[in-house]
Structure formats: structure tokens, C-alpha cells
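> Enclosed is the structure file work.tsv (TSV, C-alpha atoms).
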```
chain	number	residue	atom	x	y	z
A	25	MET	CA	62.83	88.33	37.36
A	26	SER	CA	60.39	85.52	38.16
A	27	MET	CA	59.05	85.07	41.68
A	28	LYS	CA	60.92	81.74	41.98
A	29	ALA	CA	64.24	83.35	41.07
A	30	PHE	CA	63.55	86.18	43.50
A	31	LYS	CA	62.84	83.71	46.33
A	32	LEU	CA	66.06	81.82	45.57
A	33	LEU	CA	67.97	85.09	45.68
A	34	VAL	CA	66.49	86.00	49.06
A	35	VAL	CA	67.19	82.53	50.51
A	36	GLY	CA	70.75	82.72	49.18
A	37	ALA	CA	71.33	86.17	50.65
A	38	VAL	CA	69.98	85.13	54.06
A	39	SER	CA	72.13	81.97	54.08
A	40	MET	CA	75.24	83.93	53.22
A	41	THR	CA	74.53	86.43	55.96
A	42	VAL	CA	74.04	83.68	58.54
A	43	MET	CA	77.26	81.97	57.41
A	44	GLY	CA	79.06	85.27	57.56
A	45	LEU	CA	77.86	85.92	61.11
A	46	ALA	CA	78.84	82.40	62.13
A	47	SER	CA	82.35	82.85	60.76
A	48	THR	CA	82.65	86.22	62.53
A	49	SER	CA	81.73	84.47	65.74
A	50	LEU	CA	84.31	81.77	65.08
A	51	ALA	CA	86.92	84.51	64.57
A	52	GLY	CA	86.82	84.95	68.39
A	53	GLY	CA	87.81	81.29	68.22
A	54	GLU	CA	89.06	79.07	70.98
A	55	GLY	CA	89.79	81.99	73.29
A	56	GLU	CA	86.18	83.13	73.29
A	57	GLN	CA	85.06	79.55	73.89
A	58	THR	CA	87.46	79.15	76.82
A	59	PHE	CA	86.33	82.51	78.21
A	60	LYS	CA	82.79	81.09	78.26
A	61	THR	CA	83.55	77.62	79.59
A	62	LYS	CA	85.75	78.98	82.37
A	63	LYS	CA	82.82	81.24	83.33
A	64	CYS	CA	84.88	84.43	83.00
A	65	ALA	CA	81.71	86.08	81.73
A	66	ASP	CA	80.11	85.63	85.16
A	67	CYS	CA	82.26	88.54	86.37
A	68	HIS	CA	83.39	90.36	83.20
A	69	ALA	CA	81.23	91.94	80.49
A	70	THR	CA	82.54	91.55	76.96
A	71	SER	CA	79.90	93.68	75.28
A	72	GLY	CA	79.24	97.31	75.98
A	73	PRO	CA	79.06	100.17	76.69
A	74	SER	CA	77.53	99.25	80.01
A	75	LYS	CA	73.98	100.40	80.70
A	76	ILE	CA	74.57	100.79	84.43
A	77	ALA	CA	72.69	103.84	85.67
A	78	SER	CA	72.81	103.57	89.45
A	79	ILE	CA	75.15	102.67	92.29
A	80	GLU	CA	72.88	99.69	93.03
A	81	ASP	CA	73.47	98.37	89.49
A	82	TRP	CA	77.21	98.97	89.80
A	83	GLU	CA	77.31	97.03	93.07
A	84	LYS	CA	75.89	93.99	91.26
A	85	LYS	CA	78.97	93.82	89.04
A	86	LYS	CA	81.47	91.18	90.13
A	87	GLY	CA	84.48	92.49	88.24
A	88	PRO	CA	85.67	95.08	85.76
A	89	ASP	CA	84.21	95.21	82.24
A	90	LEU	CA	86.40	93.84	79.47
A	91	TRP	CA	84.50	94.89	76.37
A	92	PHE	CA	87.30	97.39	75.63
A	93	ALA	CA	90.15	95.17	76.90
A	94	GLY	CA	92.00	95.26	73.58
A	95	SER	CA	92.17	99.05	73.72
A	96	LYS	CA	93.12	99.13	77.40
A	97	PHE	CA	95.79	96.48	77.90
A	98	ASN	CA	99.09	95.56	76.34
A	99	ALA	CA	98.87	92.05	74.85
A	100	GLU	CA	102.17	90.81	76.28
A	101	TRP	CA	101.29	91.92	79.80
A	102	LEU	CA	97.80	90.43	79.55
A	103	GLU	CA	99.03	86.96	78.63
A	104	LYS	CA	101.62	87.01	81.42
A	105	TRP	CA	99.04	88.23	83.94
A	106	LEU	CA	96.51	85.57	82.95
A	107	ALA	CA	99.16	82.89	83.57
A	108	ALA	CA	100.00	84.22	87.04
A	109	PRO	CA	97.44	86.80	88.19
A	110	THR	CA	98.31	89.20	91.00
A	111	PRO	CA	95.86	91.70	92.55
A	112	ILE	CA	95.49	94.95	90.59
A	113	ARG	CA	93.27	96.55	93.20
A	114	GLY	CA	94.32	96.97	96.82
A	115	VAL	CA	90.74	96.51	97.96
A	116	LYS	CA	88.48	93.57	97.22
A	117	TRP	CA	86.03	94.33	94.42
A	118	ASN	CA	83.05	96.35	95.62
A	119	THR	CA	84.31	96.56	99.20
A	120	MET	CA	86.73	98.61	101.30
A	121	GLU	CA	88.43	95.46	102.57
A	122	PRO	CA	91.99	94.42	101.64
A	123	ASN	CA	92.06	92.35	98.45
A	124	THR	CA	93.02	88.79	99.29
A	125	GLU	CA	91.13	87.18	96.41
A	126	LYS	CA	92.92	84.92	93.97
A	127	HIS	CA	91.92	85.43	90.34
A	128	PRO	CA	91.79	82.14	88.41
A	129	ALA	CA	94.87	81.54	86.25
A	130	LEU	CA	94.92	80.61	82.56
A	131	ALA	CA	98.31	79.52	81.36
A	132	GLY	CA	99.76	78.03	78.18
A	133	LYS	CA	97.59	77.64	75.10
A	134	GLU	CA	94.39	78.61	76.94
A	135	GLY	CA	95.92	81.76	78.35
A	136	HIS	CA	97.35	82.74	74.98
A	137	GLU	CA	94.02	82.23	73.23
A	138	VAL	CA	91.98	84.06	75.86
A	139	GLY	CA	94.52	86.87	75.71
A	140	GLU	CA	94.12	87.03	71.94
A	141	TYR	CA	90.35	87.07	72.29
A	142	LEU	CA	90.41	89.87	74.86
A	143	MET	CA	92.83	91.87	72.74
A	144	SER	CA	90.33	91.61	69.86
A	145	LEU	CA	87.80	93.59	71.94
A	146	LYS	CA	88.55	97.14	70.82
A	147	ASP	CA	86.78	100.43	71.39
A	148	LYS	CA	86.80	102.89	68.53
A	149	ASP	CA	86.94	105.91	70.86
A	150	VAL	CA	90.41	105.01	72.09
A	151	ALA	CA	92.31	107.09	69.57
A	152	ALA	CA	95.93	106.32	68.76
A	153	GLY	CA	98.11	109.27	69.72
A	154	ALA	CA	95.65	110.76	72.27
A	155	ALA	CA	98.27	110.46	75.02
A	156	LYS	CA	101.03	113.03	74.88
A	157	GLN	CA	104.26	111.48	73.64
A	158	ASP	CA	106.90	113.94	74.90
A	159	VAL	CA	105.66	114.30	78.45
A	160	SER	CA	107.80	116.13	81.00
A	161	LYS	CA	108.00	113.59	83.82
A	162	PRO	CA	108.33	116.13	86.68
A	163	ARG	CA	105.39	118.19	85.41
A	164	ALA	CA	103.23	115.11	84.92
A	165	LYS	CA	104.19	113.88	88.39
A	166	ILE	CA	103.08	117.19	89.94
A	167	LEU	CA	99.79	116.93	88.08
A	168	PHE	CA	99.29	113.32	89.22
A	169	GLU	CA	100.39	113.72	92.83
A	170	LYS	CA	99.78	117.35	93.76
A	171	LYS	CA	97.40	119.25	91.51
A	172	GLN	CA	94.93	116.43	91.00
A	173	ALA	CA	93.85	113.70	93.39
A	174	CYS	CA	94.97	110.66	91.32
A	175	TYR	CA	97.56	109.69	93.89
A	176	ALA	CA	94.96	109.43	96.66
A	177	CYS	CA	93.50	106.23	95.16
A	178	HIS	CA	96.19	104.86	92.82
A	179	GLN	CA	99.51	103.44	93.95
A	180	VAL	CA	102.77	104.40	92.24
A	181	LYS	CA	106.43	103.70	92.90
A	182	GLY	CA	108.32	106.43	94.73
A	183	GLY	CA	111.95	105.35	94.64
A	184	SER	CA	112.09	101.98	96.35
A	185	LYS	CA	108.79	102.56	98.14
A	186	ILE	CA	105.22	102.10	97.00
A	187	LEU	CA	103.12	105.18	97.66
A	188	GLY	CA	99.51	106.21	97.13
A	189	GLY	CA	96.05	104.93	97.96
A	190	THR	CA	94.68	101.46	97.33
A	191	SER	CA	90.99	101.90	96.51
A	192	GLY	CA	91.65	102.26	92.78
A	193	PRO	CA	93.66	100.01	90.45
A	194	THR	CA	97.40	100.23	91.12
A	195	PHE	CA	99.60	102.11	88.67
A	196	VAL	CA	102.68	100.22	89.77
A	197	GLY	CA	103.70	98.55	86.52
A	198	ALA	CA	101.14	100.55	84.53
A	199	LYS	CA	103.80	101.08	81.88
A	200	GLU	CA	103.66	97.38	81.00
A	201	ARG	CA	99.94	96.97	81.63
A	202	LEU	CA	98.12	99.89	80.08
A	203	ASN	CA	97.79	101.60	76.74
A	204	PRO	CA	98.32	105.32	77.50
A	205	ASP	CA	95.75	106.25	74.84
A	206	PHE	CA	93.12	104.38	76.85
A	207	ILE	CA	93.84	106.58	79.88
A	208	ALA	CA	93.22	109.65	77.72
A	209	ALA	CA	89.91	108.19	76.47
A	210	TYR	CA	88.90	107.18	80.01
A	211	LEU	CA	89.55	110.65	81.45
A	212	LYS	CA	87.62	112.25	78.60
A	213	ASN	CA	84.61	109.96	78.83
A	214	GLN	CA	84.73	108.04	82.07
A	215	GLY	CA	80.97	107.44	82.07
A	216	LYS	CA	81.38	105.25	78.99
A	217	TYR	CA	83.94	102.90	80.54
A	218	ASP	CA	82.81	102.72	84.18
A	219	PRO	CA	79.45	104.40	84.68
A	220	LYS	CA	78.70	105.02	88.38
A	221	GLY	CA	82.17	103.74	89.28
A	222	ARG	CA	83.96	105.05	92.35
A	223	MET	CA	86.37	107.35	90.54
A	224	PRO	CA	85.36	111.01	90.40
A	225	ASN	CA	84.65	112.39	86.95
A	226	PHE	CA	87.67	114.34	85.69
A	227	SER	CA	86.01	115.66	82.54
A	228	TYR	CA	86.73	119.21	83.77
A	229	LEU	CA	90.45	118.77	83.04
A	230	THR	CA	91.82	120.49	79.97
A	231	ASP	CA	92.60	118.26	76.97
A	232	ALA	CA	96.30	119.08	77.52
A	233	ASP	CA	96.19	117.87	81.14
A	234	MET	CA	94.38	114.68	80.13
A	235	ALA	CA	96.96	114.01	77.43
A	236	THR	CA	99.78	114.67	79.92
A	237	LEU	CA	98.34	112.37	82.58
A	238	ALA	CA	97.83	109.69	79.93
A	239	GLY	CA	101.39	110.15	78.70
A	240	TYR	CA	102.66	109.81	82.28
A	241	THR	CA	101.67	106.11	82.14
A	242	LYS	CA	104.88	105.25	80.30
A	243	PHE	CA	106.91	106.36	83.35
A	244	LEU	CA	104.99	104.23	85.83
A	245	GLU	CA	107.18	101.22	86.45
B	5	MET	CA	33.28	112.98	108.33
B	6	ASN	CA	35.61	115.98	107.99
B	7	LYS	CA	37.38	114.86	111.11
B	8	ARG	CA	37.91	111.42	109.61
B	9	ILE	CA	39.36	112.88	106.40
B	10	LEU	CA	41.63	115.09	108.46
B	11	THR	CA	42.83	112.11	110.49
B	12	VAL	CA	43.54	110.11	107.31
B	13	LEU	CA	45.41	113.06	105.81
B	14	ILE	CA	47.52	113.48	108.95
B	15	ILE	CA	48.40	109.76	108.98
B	16	MET	CA	49.28	109.89	105.28
B	17	GLY	CA	51.44	112.96	105.90
B	18	ILE	CA	53.33	111.22	108.70
B	19	LEU	CA	53.86	108.12	106.54
B	20	LEU	CA	55.03	110.20	103.58
B	21	ALA	CA	57.45	112.19	105.73
B	22	GLY	CA	58.83	108.88	107.01
B	23	VAL	CA	59.31	107.58	103.47
B	24	VAL	CA	61.03	110.81	102.33
B	25	THR	CA	63.34	110.84	105.35
B	26	TYR	CA	64.18	107.17	104.85
B	27	SER	CA	64.88	107.67	101.18
B	28	TYR	CA	67.21	110.60	101.86
B	29	ALA	CA	69.07	108.75	104.59
B	30	ALA	CA	69.49	105.61	102.50
B	31	ASP	CA	70.66	107.52	99.41
B	32	ALA	CA	73.13	109.75	101.27
B	33	GLN	CA	74.54	106.76	103.15
B	34	LYS	CA	74.90	104.86	99.86
B	35	LEU	CA	76.69	107.78	98.20
B	36	TYR	CA	78.94	108.16	101.22
B	37	VAL	CA	79.94	104.49	101.30
B	38	HIS	CA	80.39	104.33	97.53
B	39	TYR	CA	82.50	107.46	97.06
B	40	CYS	CA	83.65	109.11	100.31
B	41	ALA	CA	84.48	105.94	102.25
B	42	GLN	CA	87.51	105.33	100.02
B	43	CYS	CA	89.36	107.90	102.17
B	44	HIS	CA	87.00	108.80	105.02
B	45	GLY	CA	86.00	105.21	105.85
B	46	PRO	CA	82.52	103.66	105.79
B	47	LYS	CA	81.90	104.91	109.34
B	48	GLY	CA	83.21	108.40	108.56
B	49	ASP	CA	86.03	108.16	111.08
B	50	GLY	CA	88.72	109.04	108.52
B	51	LYS	CA	89.99	105.47	108.33
B	52	GLY	CA	89.30	104.53	104.70
B	53	PRO	CA	91.66	102.24	102.75
B	54	ASN	CA	93.50	105.23	101.23
B	55	ALA	CA	94.01	107.09	104.51
B	56	ALA	CA	97.36	105.53	105.44
B	57	ALA	CA	98.92	106.69	102.17
B	58	LEU	CA	97.89	110.34	102.45
B	59	THR	CA	100.19	113.01	103.86
B	60	VAL	CA	97.18	114.99	105.11
B	61	ALA	CA	94.83	112.70	107.04
B	62	PRO	CA	91.29	112.57	105.63
B	63	LYS	CA	88.82	114.48	107.79
B	64	ASN	CA	87.22	112.48	110.59
B	65	HIS	CA	83.57	113.30	109.98
B	66	THR	CA	82.59	112.04	113.42
B	67	ASP	CA	84.85	114.61	115.12
B	68	GLN	CA	82.27	117.00	116.52
B	69	LYS	CA	84.76	119.69	117.53
B	70	GLU	CA	86.48	119.86	114.12
B	71	MET	CA	83.32	119.56	112.06
B	72	ALA	CA	81.59	122.29	114.05
B	73	LYS	CA	84.21	124.74	112.73
B	74	LEU	CA	82.98	124.21	109.16
B	75	SER	CA	79.87	125.87	107.77
B	76	ASP	CA	77.51	123.92	105.53
B	77	LYS	CA	78.75	126.12	102.69
B	78	ASP	CA	82.40	125.19	103.45
B	79	ILE	CA	81.51	121.49	103.30
B	80	PHE	CA	79.44	121.91	100.12
B	81	THR	CA	82.29	123.76	98.38
B	82	ALA	CA	84.92	121.23	99.49
B	83	ILE	CA	82.85	118.40	97.99
B	84	ASN	CA	81.79	120.30	94.89
B	85	GLU	CA	85.10	121.93	93.98
B	86	GLY	CA	87.63	119.78	95.84
B	87	GLY	CA	89.85	120.30	98.89
B	88	GLY	CA	92.11	122.77	97.07
B	89	SER	CA	89.21	125.20	96.67
B	90	VAL	CA	88.91	125.65	100.45
B	91	GLY	CA	92.62	125.62	101.29
B	92	LYS	CA	92.64	121.92	102.17
B	93	SER	CA	94.39	118.94	100.58
B	94	THR	CA	94.10	118.48	96.82
B	95	ALA	CA	93.86	114.75	97.54
B	96	MET	CA	90.19	115.55	98.17
B	97	PRO	CA	88.96	115.51	94.56
B	98	VAL	CA	86.36	117.61	92.75
B	99	TRP	CA	83.04	115.75	93.02
B	100	GLY	CA	80.94	118.39	91.29
B	101	LYS	CA	81.13	116.57	87.94
B	102	THR	CA	80.13	113.27	89.51
B	103	LEU	CA	77.40	114.28	91.96
B	104	SER	CA	74.39	116.53	91.45
B	105	GLU	CA	73.86	119.63	93.58
B	106	GLY	CA	71.07	117.79	95.41
B	107	GLU	CA	73.28	114.79	96.12
B	108	ILE	CA	76.01	117.05	97.53
B	109	LYS	CA	73.43	118.78	99.75
B	110	ASP	CA	72.30	115.35	100.97
B	111	LEU	CA	75.92	114.49	101.75
B	112	VAL	CA	76.34	117.74	103.72
B	113	ALA	CA	73.28	116.75	105.77
B	114	HIS	CA	74.72	113.24	106.18
B	115	LEU	CA	78.00	114.68	107.50
B	116	ARG	CA	76.03	116.73	110.01
B	117	LYS	CA	74.42	113.51	111.19
B	118	LEU	CA	77.80	111.79	111.47
B	119	CYS	CA	79.24	114.59	113.63
B	120	ASN	CA	75.96	115.30	115.36
B	121	CYS	CA	76.86	118.96	115.11
B	122	LYS	CA	76.04	122.23	113.39
B	123	GLY	CA	78.32	124.71	111.72
B	124	PRO	CA	79.16	128.16	113.12
B	125	SER	CA	76.13	130.45	113.16
```
For the structure just supplied, provide its representation as C-alpha cells.

Amino acid sequence: MSMKAFKLLVVGAVSMTVMGLASTSLAGGEGEQTFKTKKCADCHATSGPSKIASIEDWEKKKGPDLWFAGSKFNAEWLEKWLAAPTPIRGVKWNTMEPNTEKHPALAGKEGHEVGEYLMSLKDKDVAAGAAKQDVSKPRAKILFEKKQACYACHQVKGGSKILGGTSGPTFVGAKERLNPDFIAAYLKNQGKYDPKGRMPNFSYLTDADMATLAGYTKFLE
Amino acid sequence: MNKRILTVLIIMGILLAGVVTYSYAADAQKLYVHYCAQCHGPKGDGKGPNAAALTVAPKNHTDQKEMAKLSDKDIFTAINEGGGSVGKSTAMPVWGKTLSEGEIKDLVAHLRKLCNCKGPS
């Protein structure tokens, strides 16, 4: 091969790579563009895992990371929530004060596209089937409310009442909101999803207990 | 000359002690507000945002009489292994996988400051 042919080959390969990267970027499409123009990225990280290594760093965050949103949320819930957001946390982000903040809404085409973009952000460690499928509701409830401290920070429905603490995200409606397999991945490797976050590390639980707690999500209306 | 060196060393020692003390106090306070305040409140009075929902009220760490009943070891174990490990509420989680031994010891010292008390001798 002559030097000229070799150079042409290299230029061609580089051009194709650049075009390929550009088209990958476009695959995020309108939703990714809207996410940027609406300044969602000011509060939410879409690339990760986070490199936060101290409480001081964590305190600088303005909202939860979304780089694994597609593995965490259910698409239908996400689009509905974006159109009419309601508080998920009882306390205002990074404070102990009641949450009175109004999250910006994105309805219609914009909401749908941003929802699609966020659902494209997957994490490979959220394994399908990690949550137990045939969970015994009473046993899982005892684990959630009595044996472990989940209930102290996360609200759940108890009959017609809403019970539980407010410092963590609510689990009222978790059935519609969350992918149970994400809960299993989170319990197993919390430091990956919210390093230095306020939730205690539950990595000491057995795999069976993690799978049961994750499977309990489907009962949380 | 020796006297001067000694004086400088003493001043440096005092400054260093001040820095160490400050660093401990700031770190323990930060840990407390970040983690413990969720139930025990930022001031340690047991009035955190989760308190109202709990069937067993979170300990008021400023209650001198109650806190004086607990040894430093009791407090360390409750933080490290959770409330259930010391016969208290399981709503107090296990923090031993989140905090280092040194951080828990700092928190024990911080609780002693909040109650302005010592444990049983």
C-alpha cells in the first residue's frame, strides 16, 4: 500500500468515527437537547458514576443524579411526573426543612422526548430479575418496617394513612415509579448510585433480604 | 536561644491543638447534621423530620439525665450496629458500614458535648 492510499484510509476511518459519534449523540435527540436548554443539567447529572467522595461534595449537588434514570424509573410514570411534578422527598433537597419546592414541568412533546431521553440512560449493573418475583408481602413488610430501618426515612401507605419518615424519597406509589431491580442494585452497591448520600449502607444484608426488599416495591401503592 | 525555641514550640503546639480540635468538631458536627439529624434533629433535640412518624421517639441527645445513663460503649455500639443491638428501636439503623470506627468515635464525643455529660463510671 502506498503512503497516499494509507493516508486516505486513515482520514476515511477518522471521518467515519466522527460521523458515528455525531449520530450516536443525535440518538439522544430532541429530548437531550431540551434537557440542556431547560437547564435540567444544572441540578441533575446524566453521566456517571459520580465521583463524589465527601459530604462537602455531596452538599454541592442540587438534585438527584439521573445517569441511571432508565434503569430506575418506569417510563410511563416518568412522562406523567414530568408533566405534573409532585414532591418525591418530604424534605427540601440537602436540608431538613419541609419540601415546598416546585419542580419545573415538561408536558406534551417536550415531556415525552425528555422522558425518552432519560429512559435511554441505563446502567448495566441493574440486572433484570434481581428483585424477587414471588415475595411474601407480610414477610417483606416486617423486613421493611420492623427488622430494618427503611420505614424510618421512607413513607409508605398503611391502610388509608401515610406512615413513615420523610427524609428519604417516598415509597408511596413506588410500584408505579420504580423498577424493583434497581432497588436490588442500589442496596447491593449504594456507593455507586449515591456516594456519601444520607442513606446508611445496607450492604450487610443477605442477597435474599435485598431481593425481598426490592420485590416489595410492587406492593407499594 | 533555647528559651526562644521552646517558646516557639509551645506556641506551635497550642496552635496545632486548636486546629486539631477545630477539625474534629467541624467533622463530627457535619456527620451529625448529614446523617443523624434526619431523626435526631440538627440540634440533637430528637426533633428531626422523621421523628413524628416513629413509634419510638428518637433519643434527645441534649437530655443530660437520659444520656448520662449510657456508657460511651453503649453509644458506640448503637451507632455501629444499630438500635436493635442494644435493645432499642430498629428504626435506628446500622451505621457501621457507612461510617469508619474513627468517625463513630468522633460522633460519640459529639454526643457527649451535646448532652454536656459523661456516662456511668
> Report as JSON lines: every residue of chain A with an atom at most 8 Å from chain B, its closest pair of atoms, and their distance in Å to one decimal, counting all atoms listed in the file, with rows sorted by chain and ascending residue number.

```
{"residue": "A:Ile79", "atom": "CA", "partner": "B:His38", "partner_atom": "CA", "distance": 7.6}
{"residue": "A:Val115", "atom": "CA", "partner": "B:Pro53", "partner_atom": "CA", "distance": 7.5}
{"residue": "A:Met120", "atom": "CA", "partner": "B:Pro53", "partner_atom": "CA", "distance": 6.3}
{"residue": "A:Glu121", "atom": "CA", "partner": "B:Pro53", "partner_atom": "CA", "distance": 7.5}
{"residue": "A:Pro122", "atom": "CA", "partner": "B:Pro53", "partner_atom": "CA", "distance": 7.9}
{"residue": "A:Lys170", "atom": "CA", "partner": "B:Thr94", "partner_atom": "CA", "distance": 6.6}
{"residue": "A:Lys171", "atom": "CA", "partner": "B:Thr94", "partner_atom": "CA", "distance": 6.3}
{"residue": "A:Gln172", "atom": "CA", "partner": "B:Thr94", "partner_atom": "CA", "distance": 6.2}
{"residue": "A:Ala173", "atom": "CA", "partner": "B:Ala95", "partner_atom": "CA", "distance": 4.3}
{"residue": "A:Cys174", "atom": "CA", "partner": "B:Ala95", "partner_atom": "CA", "distance": 7.5}
{"residue": "A:Tyr175", "atom": "CA", "partner": "B:Ala95", "partner_atom": "CA", "distance": 7.3}
{"residue": "A:Ala176", "atom": "CA", "partner": "B:Ala95", "partner_atom": "CA", "distance": 5.5}
{"residue": "A:Cys177", "atom": "CA", "partner": "B:Asn54", "partner_atom": "CA", "distance": 6.2}
{"residue": "A:Leu187", "atom": "CA", "partner": "B:Ala57", "partner_atom": "CA", "distance": 6.3}
{"residue": "A:Gly188", "atom": "CA", "partner": "B:Ala57", "partner_atom": "CA", "distance": 5.1}
{"residue": "A:Gly189", "atom": "CA", "partner": "B:Asn54", "partner_atom": "CA", "distance": 4.2}
{"residue": "A:Thr190", "atom": "CA", "partner": "B:Asn54", "partner_atom": "CA", "distance": 5.6}
{"residue": "A:Ser191", "atom": "CA", "partner": "B:Gln42", "partner_atom": "CA", "distance": 6.0}
{"residue": "A:Arg222", "atom": "CA", "partner": "B:Tyr39", "partner_atom": "CA", "distance": 5.5}
{"residue": "A:Met223", "atom": "CA", "partner": "B:Tyr39", "partner_atom": "CA", "distance": 7.6}
{"residue": "A:Pro224", "atom": "CA", "partner": "B:Thr102", "partner_atom": "CA", "distance": 5.8}
{"residue": "A:Asn225", "atom": "CA", "partner": "B:Thr102", "partner_atom": "CA", "distance": 5.3}
{"residue": "A:Phe226", "atom": "CA", "partner": "B:Lys101", "partner_atom": "CA", "distance": 7.3}
{"residue": "A:Ser227", "atom": "CA", "partner": "B:Lys101", "partner_atom": "CA", "distance": 7.3}
{"residue": "A:Tyr228", "atom": "CA", "partner": "B:Lys101", "partner_atom": "CA", "distance": 7.5}
```
> By how many Å are atom CA of Thr66 of chain B and atom CA of Gln33 of chain B apart?
14.1 Å
> To one decimal place in Å, what is the distance between atom CA of Ala232 of chain A and atom CA of Ala155 of chain A?
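Those two atoms sit 9.2 Å apart.
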> Could you tell me how far atom CA of Thr241 of chain A sits from atom CA of Leu202 of chain A, in Å to one decimal place?
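Calculated distance between atom CA of Leu202 of chain A and atom CA of Thr241 of chain A is 7.5 Å.
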> Please, which residues are within 8 Å of (102.2, 104.0, 82.5) by the file's coordinates, counting all atoms listed in the file, and could they come as a list in words?
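It turns out the residues near that spot are Phe195, Gly197, Ala198, Lys199, Glu200, Arg201, Leu202, Asn203, Pro204, Ala238, Gly239, Tyr240, Thr241, Lys242, Phe243, Leu244 and Glu245 of chain A.
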> Do you know which residues lie at most 6 Å from (78.6, 94.3, 86.2), with coordinates as in the file and all atoms listed in the file counted, and could you write them as a PDB file with C-alpha atoms, keeping the file's coordinate frame?

```
ATOM      1  CA  LYS A  84      75.890  93.990  91.260  1.00  0.00           C
ATOM      2  CA  LYS A  85      78.970  93.820  89.040  1.00  0.00           C
ATOM      3  CA  LYS A  86      81.470  91.180  90.130  1.00  0.00           C
TER       4      LYS A  86
END
```
> Restricting the calculation to all atoms listed in the file: of B:Asp76, B:Glu70, B:Glu105, B:Asp110, which residue gets closest to Tyr36 of chain B?
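Ranking B:Asp76, B:Glu70, B:Glu105, B:Asp110 by distance to Tyr36 of chain B, first place goes to B:Asp110.
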> Could you pull the residues within 10 Å of His65 of chain B, counting all atoms listed in the file, minus those fewer than 3 positions along the same chain, as a list of chain:residue names?
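Once the nearby chain positions are removed, what remains is B:His44, B:Gly45, B:Lys47, B:Gly48, B:Asp49, B:Gly50, B:Pro62, B:Gln68, B:Lys69, B:Glu70, B:Met71, B:His114, B:Leu115, B:Arg116, B:Lys117, B:Leu118, B:Cys119, B:Asn120.
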> Can you tell me which residues surround Trp105 of chain A at a distance of at most 9 Å, considering all atoms listed in the file, apart from same-chain residues fewer than 4 positions away, and format the answer as a ChimeraX atom specification?
/A:100-101,109-110,129-130
> Export segment 145-151 of chain A from the structure block above, keeping all heavy atoms, as a CSV table (one decimal), in the first residue's frame.

```
chain,number,residue,atom,x,y,z
A,145,LEU,N,-31.0,6.3,29.5
A,145,LEU,CA,-29.8,6.3,30.3
A,145,LEU,C,-29.8,5.1,31.2
A,145,LEU,O,-30.5,5.1,32.3
A,145,LEU,CB,-29.7,7.6,31.2
A,145,LEU,CG,-29.8,8.9,30.4
A,145,LEU,CD1,-29.8,10.1,31.3
A,145,LEU,CD2,-28.6,9.0,29.4
A,146,LYS,N,-29.2,4.0,30.8
A,146,LYS,CA,-29.3,2.7,31.5
A,146,LYS,C,-28.0,2.5,32.3
A,146,LYS,O,-26.9,3.0,31.9
A,146,LYS,CB,-29.5,1.6,30.5
A,146,LYS,CG,-30.7,1.8,29.7
A,146,LYS,CD,-32.0,1.3,30.3
A,146,LYS,CE,-33.2,1.3,29.4
A,146,LYS,NZ,-34.5,1.1,30.0
A,147,ASP,N,-28.1,1.7,33.3
A,147,ASP,CA,-26.9,1.2,34.0
A,147,ASP,C,-26.8,-0.3,33.9
A,147,ASP,O,-27.8,-1.0,34.3
A,147,ASP,CB,-26.9,1.6,35.5
A,147,ASP,CG,-25.6,1.1,36.2
A,147,ASP,OD1,-24.5,1.3,35.7
A,147,ASP,OD2,-25.8,0.4,37.2
A,148,LYS,N,-25.7,-0.8,33.4
A,148,LYS,CA,-25.6,-2.3,33.2
A,148,LYS,C,-25.6,-3.1,34.4
A,148,LYS,O,-26.0,-4.3,34.4
A,148,LYS,CB,-24.2,-2.5,32.4
A,148,LYS,CG,-23.0,-2.2,33.2
A,148,LYS,CD,-21.7,-2.5,32.5
A,148,LYS,CE,-20.5,-2.0,33.2
A,148,LYS,NZ,-20.4,-2.3,34.6
A,149,ASP,N,-25.4,-2.5,35.6
A,149,ASP,CA,-25.4,-3.3,36.8
A,149,ASP,C,-26.8,-3.5,37.4
A,149,ASP,O,-27.0,-4.2,38.4
A,149,ASP,CB,-24.5,-2.6,37.9
A,149,ASP,CG,-23.1,-2.8,37.6
A,149,ASP,OD1,-22.7,-3.7,36.7
A,149,ASP,OD2,-22.2,-2.1,38.1
A,150,VAL,N,-27.8,-2.9,36.8
A,150,VAL,CA,-29.2,-3.2,37.2
A,150,VAL,C,-29.7,-4.4,36.4
A,150,VAL,O,-30.0,-4.3,35.3
A,150,VAL,CB,-30.1,-1.9,37.0
A,150,VAL,CG1,-31.5,-2.2,37.4
A,150,VAL,CG2,-29.6,-0.7,37.7
A,151,ALA,N,-29.6,-5.5,37.1
A,151,ALA,CA,-29.8,-6.8,36.4
A,151,ALA,C,-31.3,-7.2,36.4
A,151,ALA,O,-31.9,-7.2,37.5
A,151,ALA,CB,-29.0,-7.9,37.0
```
